[in-house]
file protein.txt (compact mmCIF, C-alpha atoms)
# COMPACT_ATOMS: atom_id res chain seq x y z
CA MET A 1 -50.19 12.85 -47.40
CA ASN A 2 -48.93 16.12 -48.88
CA ARG A 3 -45.32 17.17 -48.99
CA ARG A 4 -45.63 19.61 -46.03
CA GLU A 5 -47.17 16.93 -43.79
CA PHE A 6 -44.39 14.46 -44.73
CA ILE A 7 -41.63 16.97 -43.94
CA THR A 8 -43.30 17.89 -40.64
CA MET A 9 -43.56 14.23 -39.67
CA LEU A 10 -39.97 13.54 -40.70
CA GLY A 11 -38.72 16.50 -38.74
CA GLY A 12 -40.54 15.34 -35.65
CA THR A 13 -39.29 11.81 -36.13
CA VAL A 14 -35.69 12.95 -36.34
CA ALA A 15 -35.86 15.31 -33.37
CA TRP A 16 -37.76 13.05 -30.94
CA PRO A 17 -35.71 9.83 -31.07
CA LEU A 18 -32.42 11.70 -30.73
CA GLY A 19 -33.58 13.33 -27.52
CA ALA A 20 -35.16 10.22 -25.99
CA HIS A 21 -33.03 7.38 -27.28
CA ALA A 22 -29.58 8.85 -27.88
CA GLN A 23 -26.97 6.49 -26.46
CA GLN A 24 -24.77 7.99 -23.80
CA ALA A 25 -21.11 7.04 -23.52
CA PRO A 26 -20.77 4.12 -21.08
CA MET A 27 -19.47 4.98 -17.62
CA PRO A 28 -15.83 3.88 -17.27
CA VAL A 29 -15.21 1.12 -14.73
CA ILE A 30 -12.13 0.92 -12.52
CA GLY A 31 -11.05 -2.46 -11.23
CA TRP A 32 -9.71 -2.39 -7.66
CA LEU A 33 -7.43 -5.36 -6.97
CA GLY A 34 -6.82 -5.30 -3.22
CA ALA A 35 -4.64 -7.67 -1.24
CA ARG A 36 -6.23 -6.55 2.03
CA SER A 37 -9.84 -6.47 3.27
CA PRO A 38 -12.44 -3.71 2.85
CA LYS A 39 -12.35 -2.90 6.57
CA GLU A 40 -8.57 -2.64 6.68
CA SER A 41 -8.52 -0.55 3.52
CA ALA A 42 -11.22 2.00 4.40
CA SER A 43 -8.80 4.89 4.93
CA VAL A 44 -6.79 4.26 1.75
CA VAL A 45 -9.93 3.74 -0.35
CA ALA A 46 -11.11 7.15 0.86
CA ALA A 47 -7.74 8.62 -0.12
CA PHE A 48 -7.97 6.94 -3.54
CA GLN A 49 -11.44 8.40 -4.05
CA LYS A 50 -10.12 11.82 -3.08
CA GLY A 51 -7.47 11.54 -5.77
CA LEU A 52 -10.11 10.53 -8.30
CA ASN A 53 -12.14 13.58 -7.32
CA GLU A 54 -9.13 15.82 -7.86
CA ALA A 55 -8.83 14.31 -11.35
CA GLY A 56 -12.50 15.06 -12.07
CA TYR A 57 -14.11 11.70 -11.28
CA VAL A 58 -16.68 10.85 -8.61
CA GLU A 59 -17.54 7.22 -7.93
CA GLY A 60 -21.17 6.54 -8.78
CA ARG A 61 -21.54 9.74 -10.78
CA ASN A 62 -19.18 9.52 -13.74
CA VAL A 63 -17.10 6.45 -12.87
CA ALA A 64 -17.77 3.05 -11.33
CA VAL A 65 -15.41 0.89 -9.26
CA GLU A 66 -15.45 -2.92 -9.13
CA TYR A 67 -13.78 -3.97 -5.87
CA ARG A 68 -12.04 -7.31 -5.46
CA TRP A 69 -10.48 -8.29 -2.13
CA ALA A 70 -7.98 -11.08 -1.46
CA GLU A 71 -8.41 -10.76 2.34
CA LEU A 72 -4.62 -11.24 2.72
CA HIS A 73 -4.73 -14.55 0.83
CA TYR A 74 -2.19 -13.65 -1.82
CA ASP A 75 -2.88 -16.84 -3.76
CA ARG A 76 -6.36 -15.48 -4.61
CA LEU A 77 -5.01 -12.44 -6.45
CA PRO A 78 -4.39 -14.08 -9.86
CA ALA A 79 -8.02 -15.27 -10.11
CA LEU A 80 -9.33 -11.90 -8.95
CA ALA A 81 -7.17 -10.10 -11.51
CA THR A 82 -8.40 -12.44 -14.26
CA ASP A 83 -11.99 -11.71 -13.22
CA LEU A 84 -11.45 -7.95 -13.55
CA VAL A 85 -9.86 -8.42 -16.96
CA GLY A 86 -12.86 -10.51 -18.02
CA ARG A 87 -15.15 -7.66 -17.02
CA ARG A 88 -13.17 -5.38 -19.35
CA VAL A 89 -12.50 -2.68 -16.81
CA SER A 90 -10.90 0.51 -18.10
CA VAL A 91 -7.99 0.49 -15.64
CA ILE A 92 -6.86 -1.64 -12.70
CA ALA A 93 -5.69 -0.19 -9.39
CA ALA A 94 -3.44 -2.87 -7.90
CA THR A 95 -3.09 -2.24 -4.17
CA GLY A 96 -2.09 -3.66 -0.83
CA GLY A 97 1.37 -5.02 -1.63
CA GLY A 98 3.65 -6.22 -4.39
CA ALA A 99 1.65 -9.38 -5.06
CA SER A 100 -1.23 -7.33 -6.50
CA PRO A 101 0.63 -5.61 -9.38
CA LEU A 102 2.41 -8.87 -10.21
CA ALA A 103 -0.95 -10.64 -10.48
CA ALA A 104 -2.41 -7.80 -12.55
CA LYS A 105 0.57 -7.78 -14.92
CA ALA A 106 0.27 -11.53 -15.42
CA ALA A 107 -3.44 -11.14 -16.22
CA THR A 108 -3.23 -8.42 -18.88
CA ALA A 109 -0.75 -6.68 -21.14
CA THR A 110 -3.29 -4.18 -22.50
CA ILE A 111 -5.50 -2.84 -19.69
CA PRO A 112 -3.71 0.03 -17.89
CA ILE A 113 -2.51 -0.78 -14.35
CA VAL A 114 -1.68 1.68 -11.57
CA PHE A 115 -0.07 0.14 -8.51
CA VAL A 116 0.97 1.18 -5.04
CA ALA A 117 3.52 -1.04 -3.34
CA GLY A 118 6.12 -0.72 -0.66
CA ASP A 119 7.57 -4.22 -0.76
CA LEU A 120 8.61 -4.47 -4.39
CA ASP A 121 11.26 -2.98 -6.66
CA PRO A 122 9.29 -2.23 -9.86
CA VAL A 123 12.33 -2.51 -12.12
CA ASN A 124 14.05 -5.56 -10.62
CA SER A 125 10.73 -7.39 -10.38
CA GLY A 126 10.10 -6.82 -14.09
CA LEU A 127 6.99 -4.70 -13.63
CA VAL A 128 8.41 -1.72 -15.53
CA THR A 129 11.36 -0.95 -17.77
CA SER A 130 12.47 2.11 -15.82
CA LEU A 131 11.13 4.48 -13.18
CA ASN A 132 11.04 7.53 -15.47
CA ARG A 133 9.66 5.73 -18.52
CA PRO A 134 7.79 2.66 -17.27
CA GLY A 135 6.82 1.41 -20.72
CA GLY A 136 4.01 -1.05 -21.33
CA ASN A 137 0.71 -0.73 -19.49
CA ILE A 138 1.90 -0.20 -15.89
CA THR A 139 2.80 2.74 -13.69
CA GLY A 140 2.30 3.55 -10.03
CA VAL A 141 3.53 4.76 -6.68
CA MET A 142 6.41 3.39 -4.62
CA LEU A 143 6.29 3.50 -0.83
CA LEU A 144 9.89 2.32 -0.30
CA LEU A 145 8.74 0.56 2.87
CA THR A 146 11.05 -2.39 2.40
CA VAL A 147 14.21 -0.44 1.54
CA LEU A 148 13.73 1.74 4.62
CA GLY A 149 14.38 -1.24 6.88
CA ALA A 150 18.02 -0.32 7.44
CA LYS A 151 17.04 3.24 8.43
CA ARG A 152 14.44 1.88 10.86
CA LEU A 153 17.05 -0.32 12.48
CA GLU A 154 19.35 2.67 12.87
CA LEU A 155 16.59 4.75 14.49
CA LEU A 156 15.65 1.88 16.78
CA ARG A 157 19.27 1.61 17.86
CA GLN A 158 19.26 5.31 18.79
CA LEU A 159 16.12 4.83 20.86
CA VAL A 160 17.27 1.59 22.51
CA PRO A 161 21.09 1.83 22.44
CA ASN A 162 21.62 -1.10 24.81
CA ALA A 163 19.75 -3.58 22.62
CA ALA A 164 22.53 -5.87 21.42
CA VAL A 165 20.00 -8.41 20.12
CA VAL A 166 17.08 -7.28 17.95
CA GLY A 167 14.21 -9.45 16.80
CA VAL A 168 12.80 -9.09 13.29
CA LEU A 169 9.39 -10.30 12.18
CA ILE A 170 8.96 -11.07 8.47
CA ASN A 171 6.09 -12.51 6.45
CA PRO A 172 7.71 -15.09 4.15
CA ASN A 173 4.80 -14.80 1.71
CA ASN A 174 5.65 -11.18 0.97
CA PRO A 175 7.47 -10.72 -2.38
CA GLY A 176 9.93 -8.30 -0.78
CA ALA A 177 10.70 -10.40 2.31
CA ALA A 178 14.04 -11.77 1.09
CA ALA A 179 15.33 -8.35 -0.01
CA GLU A 180 14.25 -6.71 3.23
CA THR A 181 15.90 -9.42 5.32
CA LYS A 182 19.13 -9.09 3.36
CA ASP A 183 19.22 -5.31 3.85
CA LEU A 184 18.51 -5.65 7.57
CA ARG A 185 21.27 -8.22 8.06
CA GLU A 186 23.78 -5.94 6.33
CA ALA A 187 22.67 -2.96 8.41
CA ALA A 188 22.89 -5.03 11.59
CA ARG A 189 26.44 -6.09 10.71
CA VAL A 190 27.48 -2.45 10.30
CA LEU A 191 25.79 -1.46 13.58
CA GLY A 192 27.18 -4.43 15.48
CA ILE A 193 23.72 -5.82 16.25
CA GLU A 194 22.73 -9.47 16.40
CA LEU A 195 19.46 -10.23 14.61
CA HIS A 196 16.94 -12.97 15.30
CA VAL A 197 14.71 -13.14 12.20
CA LEU A 198 11.46 -15.06 12.54
CA SER A 199 8.61 -15.63 10.10
CA ALA A 200 4.90 -15.13 10.66
CA SER A 201 1.94 -15.30 8.30
CA THR A 202 -0.84 -16.43 10.69
CA ASP A 203 -2.11 -15.48 14.13
CA GLY A 204 -0.59 -18.66 15.52
CA ASP A 205 2.77 -17.72 14.03
CA LEU A 206 2.62 -14.35 15.81
CA ASP A 207 2.08 -16.00 19.19
CA THR A 208 4.95 -18.41 18.57
CA ALA A 209 7.27 -15.67 17.34
CA PHE A 210 6.74 -13.47 20.39
CA ALA A 211 7.27 -16.42 22.71
CA THR A 212 10.56 -17.10 20.92
CA PHE A 213 11.63 -13.46 21.10
CA VAL A 214 11.03 -13.49 24.84
CA GLN A 215 12.95 -16.74 25.20
CA ARG A 216 15.89 -15.31 23.28
CA ARG A 217 15.71 -12.09 25.32
CA VAL A 218 15.70 -9.68 22.43
CA GLY A 219 16.24 -6.10 23.52
CA ALA A 220 14.08 -4.60 20.77
CA LEU A 221 11.91 -5.64 17.85
CA LEU A 222 11.52 -4.52 14.23
CA ILE A 223 8.33 -5.43 12.37
CA GLY A 224 8.93 -6.02 8.67
CA ASN A 225 6.75 -4.47 6.00
CA ASP A 226 3.63 -6.49 5.21
CA SER A 227 -0.13 -6.03 4.85
CA PHE A 228 -0.81 -8.94 7.20
CA PHE A 229 1.05 -7.17 9.98
CA ILE A 230 -0.93 -3.98 9.36
CA SER A 231 -4.15 -5.96 9.70
CA ARG A 232 -2.90 -7.38 13.01
CA ARG A 233 -1.39 -4.15 14.31
CA GLU A 234 -3.46 -4.04 17.49
CA PRO A 235 -2.56 -7.56 18.73
CA ILE A 236 1.08 -7.03 17.67
CA VAL A 237 1.27 -3.75 19.60
CA ALA A 238 -0.45 -5.41 22.56
CA MET A 239 2.00 -8.34 22.60
CA ALA A 240 4.98 -5.99 22.40
CA ALA A 241 3.57 -4.02 25.35
CA HIS A 242 2.78 -7.16 27.33
CA HIS A 243 6.33 -8.44 26.98
CA ALA A 244 7.82 -4.93 27.39
CA ILE A 245 9.67 -5.11 24.06
CA PRO A 246 10.42 -1.76 22.37
CA ALA A 247 9.28 -2.10 18.77
CA MET A 248 9.81 -0.22 15.53
CA TYR A 249 7.06 -0.26 12.87
CA PHE A 250 6.86 0.73 9.22
CA VAL A 251 3.66 2.83 9.07
CA ARG A 252 2.03 5.40 11.34
CA GLU A 253 -1.01 3.20 12.05
CA PHE A 254 1.05 1.16 14.51
CA ALA A 255 2.17 4.18 16.52
CA ALA A 256 -1.40 5.49 16.52
CA ALA A 257 -2.50 2.12 17.94
CA GLY A 258 -0.02 2.44 20.81
CA GLY A 259 3.19 1.26 19.16
CA LEU A 260 6.45 2.85 20.25
CA ILE A 261 7.83 4.29 17.01
CA SER A 262 7.24 4.17 13.26
CA TYR A 263 9.14 5.42 10.24
CA GLY A 264 7.90 5.39 6.68
CA THR A 265 5.96 7.10 3.95
CA SER A 266 2.31 8.11 4.05
CA ASN A 267 -0.10 5.43 2.85
CA VAL A 268 -2.91 7.96 2.59
CA ASP A 269 -0.99 10.31 0.31
CA ALA A 270 0.23 7.42 -1.84
CA TYR A 271 -3.30 6.19 -2.51
CA ARG A 272 -4.46 9.72 -3.30
CA LEU A 273 -1.75 9.84 -5.97
CA VAL A 274 -2.94 6.50 -7.34
CA GLY A 275 -6.42 8.00 -7.70
CA ILE A 276 -4.99 10.97 -9.59
CA TYR A 277 -3.02 8.71 -11.93
CA VAL A 278 -6.09 6.54 -12.60
CA GLY A 279 -8.06 9.69 -13.42
CA ARG A 280 -5.40 10.89 -15.85
CA ILE A 281 -5.39 7.51 -17.59
CA LEU A 282 -9.19 7.61 -17.93
CA LYS A 283 -8.70 10.94 -19.72
CA GLY A 284 -6.36 9.33 -22.24
CA VAL A 285 -2.86 9.55 -20.79
CA LYS A 286 -0.84 6.37 -21.36
CA PRO A 287 0.69 4.59 -18.32
CA ALA A 288 3.98 4.40 -20.20
CA ASP A 289 4.17 8.20 -20.11
CA LEU A 290 3.55 8.51 -16.37
CA PRO A 291 6.76 8.09 -14.32
CA ILE A 292 6.76 5.97 -11.19
CA ILE A 293 6.17 8.30 -8.23
CA GLN A 294 8.77 7.99 -5.49
CA PRO A 295 8.23 9.48 -2.03
CA THR A 296 10.30 12.45 -0.96
CA LYS A 297 8.87 12.86 2.54
CA PHE A 298 9.26 10.33 5.34
CA ASP A 299 7.38 10.49 8.62
CA LEU A 300 8.90 9.62 11.98
CA VAL A 301 6.21 9.12 14.64
CA ILE A 302 7.04 8.57 18.32
CA ASN A 303 4.53 7.54 20.97
CA LEU A 304 5.79 9.16 24.18
CA LYS A 305 3.14 7.44 26.29
CA THR A 306 4.47 4.06 25.22
CA ALA A 307 8.06 5.20 25.72
CA LYS A 308 7.26 6.18 29.31
CA ALA A 309 5.56 2.83 29.93
CA LEU A 310 8.76 1.12 28.75
CA ALA A 311 10.90 3.45 30.90
CA LEU A 312 12.68 4.75 27.80
CA ASP A 313 14.21 8.19 27.57
CA VAL A 314 13.70 9.44 24.03
CA PRO A 315 16.85 11.31 22.88
CA ASP A 316 16.34 14.98 22.06
CA ARG A 317 17.77 14.41 18.57
CA LEU A 318 15.00 11.90 17.82
CA LEU A 319 12.33 14.21 19.14
CA ALA A 320 13.71 16.95 16.93
CA LEU A 321 13.49 14.69 13.90
CA ALA A 322 9.97 13.46 14.66
CA ASN A 323 7.16 14.66 12.41
CA GLU A 324 4.62 13.68 15.05
CA VAL A 325 4.82 12.99 18.77
CA ILE A 326 1.91 11.19 20.39
CA ASP A 327 1.51 12.00 24.09

call {"tool": "encode", "arguments": {"input": "protein.txt", "output": "structure tokens"}}
result
Amino acid sequence: MNRREFITMLGGTVAWPLGAHAQQAPMPVIGWLGARSPKESASVVAAFQKGLNEAGYVEGRNVAVEYRWAELHYDRLPALATDLVGRRVSVIAATGGGASPLAAKAATATIPIVFVAGDLDPVNSGLVTSLNRPGGNITGVMLLLTVLGAKRLELLRQLVPNAAVVGVLINPNNPGAAAETKDLREAARVLGIELHVLSASTDGDLDTAFATFVQRRVGALLIGNDSFFISRREPIVAMAAHHAIPAMYFVREFAAAGGLISYGTSNVDAYRLVGIYVGRILKGVKPADLPIIQPTKFDLVINLKTAKALALDVPDRLLALANEVID
């Protein structure tokens, strides 16, 4: 073999393997740690994917997502979080309630975590050092669903001014249940309202609670913040209608399902923001440098059809405040 033939062969050898066998950078994998079920989370998953798209990522094209669902069994979350850590995902999106970020934090101190939660104070719970500078490997979006309980009670009082006794439904398994109950009791004291607080975490509990509310002749009902209640919004709304109990809810989905009134932040927008944060982290931004996002817009939704069925006159001041009125 002469020198020219050797150089020609070497050149071909160098050029061909690089084109055919060059290793591409592995596709990043996001771990989705969800407290709810896939069916119940369809709308927020779509919002999350929209946020990813805005950040430059499309699932299946340049990013993969490993979904894990607790199906409202909060005790499954630690094992699911550990599984995602074992798969060495690039970032974990902890969703569906405060139990998810707590489980994720317990599972890893290195993999970035982006949470969305409405039933947990990130600072008091120990998730982050501060809202502006979270520190560590965690950041996220607050929904403030729990701390809005007092405001919901005030709005409910305006809508049903003669309700001296108000029932409250709380899921005791929710990390924010105790804080929400405390805030509601203080608000009720100021408003001169008597509260009957009952717990429910199963379908049987819901039936028992409504029977008790009827027995105690509550004049109105406030549903506490919890993913289980969202998943059972249709039967809850139906029971409230059957017993003719005016009820206040914490997210729009209840009012859209026929509930009387809801007041809270937008789940859809919150999950879109989670997608954007996850995308920024995949591009190299550290969670510690991303401040906790707090909502600045709160939606009041009133279902006039339900109000008419309950023979309630909605005050003009409430209608003026409403962001959406469902006829």

call {"tool": "atom_distance", "arguments": {"input": "protein.txt", "atom1": "atom CA of A:Gly279", "atom2": "atom CA of A:Gly51"}}
result
7.9 Å

call {"tool": "closest_atom_pairs", "arguments": {"input": "protein.txt", "of": "stretch 211-235 of chain A", "to": "stretch 177-184 of chain A", "cutoff": "10 Å", "atoms": "all atoms listed in the file", "output": "Markdown table"}}
result
| residue | atom | partner | partner_atom | distance |
| --- | --- | --- | --- | --- |
| A:Leu222 | CA | A:Leu184 | CA | 9.7 |
| A:Gly224 | CA | A:Glu180 | CA | 7.6 |
| A:Asn225 | CA | A:Ala177 | CA | 8.0 |
| A:Asp226 | CA | A:Ala177 | CA | 8.6 |

call {"tool": "residues_around", "arguments": {"input": "protein.txt", "residues": "A:Asp203", "least_positions_apart": "3", "cutoff": "10 Å", "atoms": "all atoms listed in the file", "output": "JSON, numbers by chain"}}
result
{"A": [200, 206, 207, 208, 209, 228, 229, 232, 235, 236]}

call {"tool": "atom_distance", "arguments": {"input": "protein.txt", "atom1": "atom CA of A:Val44", "atom2": "atom CA of A:Tyr57"}}
result
16.7 Å

call {"tool": "residues_around", "arguments": {"input": "protein.txt", "residues": "A:Phe254", "least_positions_apart": "6", "cutoff": "12 Å", "atoms": "only C-alpha atoms", "output": "list of chain:residue names"}}
result
A:Leu222, A:Ile223, A:Asn225, A:Phe229, A:Ile230, A:Ser231, A:Arg232, A:Arg233, A:Glu234, A:Pro235, A:Ile236, A:Val237, A:Ala238, A:Ala240, A:Ala247, A:Met248, A:Leu260, A:Ile261, A:Ser262, A:Tyr263, A:Gly264, A:Leu300, A:Val301, A:Ile302, A:Asn303, A:Thr306, A:Ile326

call {"tool": "residues_around", "arguments": {"input": "protein.txt", "residues": "A:Asp327", "least_positions_apart": "2", "cutoff": "7 Å", "atoms": "all atoms listed in the file", "output": "VMD selection string"}}
result
chain A and resid 303 to 305 325

call {"tool": "atom_distance", "arguments": {"input": "protein.txt", "atom1": "atom CA of A:Val63", "atom2": "atom CA of A:Val29"}}
result
6.0 Å

call {"tool": "closest_residue", "arguments": {"input": "protein.txt", "among": "A:Ala244, A:Leu72, A:Ala270, A:Leu282", "to": "A:Ile113", "atoms": "only C-alpha atoms"}}
result
A:Leu282

call {"tool": "residues_near_point", "arguments": {"input": "protein.txt", "point": "(2.2, 5.3, -1.8)", "cutoff": "12 Å", "atoms": "all atoms listed in the file", "output": "PyMOL selection string"}}
result
chain A and resi 44+47-48+94-98+114-120+140-145+251+264-275+277+292-298

call {"tool": "closest_residue", "arguments": {"input": "protein.txt", "among": "A:Pro38, A:Asn137, A:Thr129, A:Leu191", "to": "A:Pro161", "atoms": "all atoms listed in the file"}}
result
A:Leu191

call {"tool": "closest_residue", "arguments": {"input": "protein.txt", "among": "A:Ser41, A:Pro291, A:Gln158, A:Val91", "to": "A:Pro122", "atoms": "all atoms listed in the file"}}
result
A:Pro291

call {"tool": "residues_near_point", "arguments": {"input": "protein.txt", "point": "(-10.9, -5.2, -14.5)", "cutoff": "10 Å", "atoms": "all atoms listed in the file", "output": "list in words"}}
result
Val29, Ile30, Gly31, Trp32, Leu33, Val65, Glu66, Tyr67, Arg68, Leu80, Ala81, Thr82, Asp83, Leu84, Val85, Gly86, Arg87, Arg88, Val89, Ser90, Val91, Ile92, Ala93, Ala104, Ala107, Thr108, Ile111, Pro112 and Ile113 of chain A

call {"tool": "write_last_selection", "arguments": {"input": "protein.txt", "atoms": "C-alpha atoms", "output": "tab-separated table (two decimals), keeping the file's coordinate frame"}}
result
chain	number	residue	atom	x	y	z
A	29	VAL	CA	-15.21	1.12	-14.73
A	30	ILE	CA	-12.13	0.92	-12.52
A	31	GLY	CA	-11.05	-2.46	-11.23
A	32	TRP	CA	-9.71	-2.39	-7.66
A	33	LEU	CA	-7.43	-5.36	-6.97
A	65	VAL	CA	-15.41	0.89	-9.26
A	66	GLU	CA	-15.45	-2.92	-9.13
A	67	TYR	CA	-13.78	-3.97	-5.87
A	68	ARG	CA	-12.04	-7.31	-5.46
A	80	LEU	CA	-9.33	-11.90	-8.95
A	81	ALA	CA	-7.17	-10.10	-11.51
A	82	THR	CA	-8.40	-12.44	-14.26
A	83	ASP	CA	-11.99	-11.71	-13.22
A	84	LEU	CA	-11.45	-7.95	-13.55
A	85	VAL	CA	-9.86	-8.42	-16.96
A	86	GLY	CA	-12.86	-10.51	-18.02
A	87	ARG	CA	-15.15	-7.66	-17.02
A	88	ARG	CA	-13.17	-5.38	-19.35
A	89	VAL	CA	-12.50	-2.68	-16.81
A	90	SER	CA	-10.90	0.51	-18.10
A	91	VAL	CA	-7.99	0.49	-15.64
A	92	ILE	CA	-6.86	-1.64	-12.70
A	93	ALA	CA	-5.69	-0.19	-9.39
A	104	ALA	CA	-2.41	-7.80	-12.55
A	107	ALA	CA	-3.44	-11.14	-16.22
A	108	THR	CA	-3.23	-8.42	-18.88
A	111	ILE	CA	-5.50	-2.84	-19.69
A	112	PRO	CA	-3.71	0.03	-17.89
A	113	ILE	CA	-2.51	-0.78	-14.35

call {"tool": "closest_residue", "arguments": {"input": "protein.txt", "among": "A:Ala311, A:Leu195, A:Val58, A:Ala322", "to": "A:Arg217", "atoms": "only C-alpha atoms"}}
result
A:Leu195

call {"tool": "residues_around", "arguments": {"input": "protein.txt", "residues": "A:Arg317", "least_positions_apart": "3", "cutoff": "12 Å", "atoms": "all atoms listed in the file", "output": "list in words"}}
result
Leu155, Gln158, Leu159, Asp313, Val314, Ala320, Leu321 and Ala322 of chain A
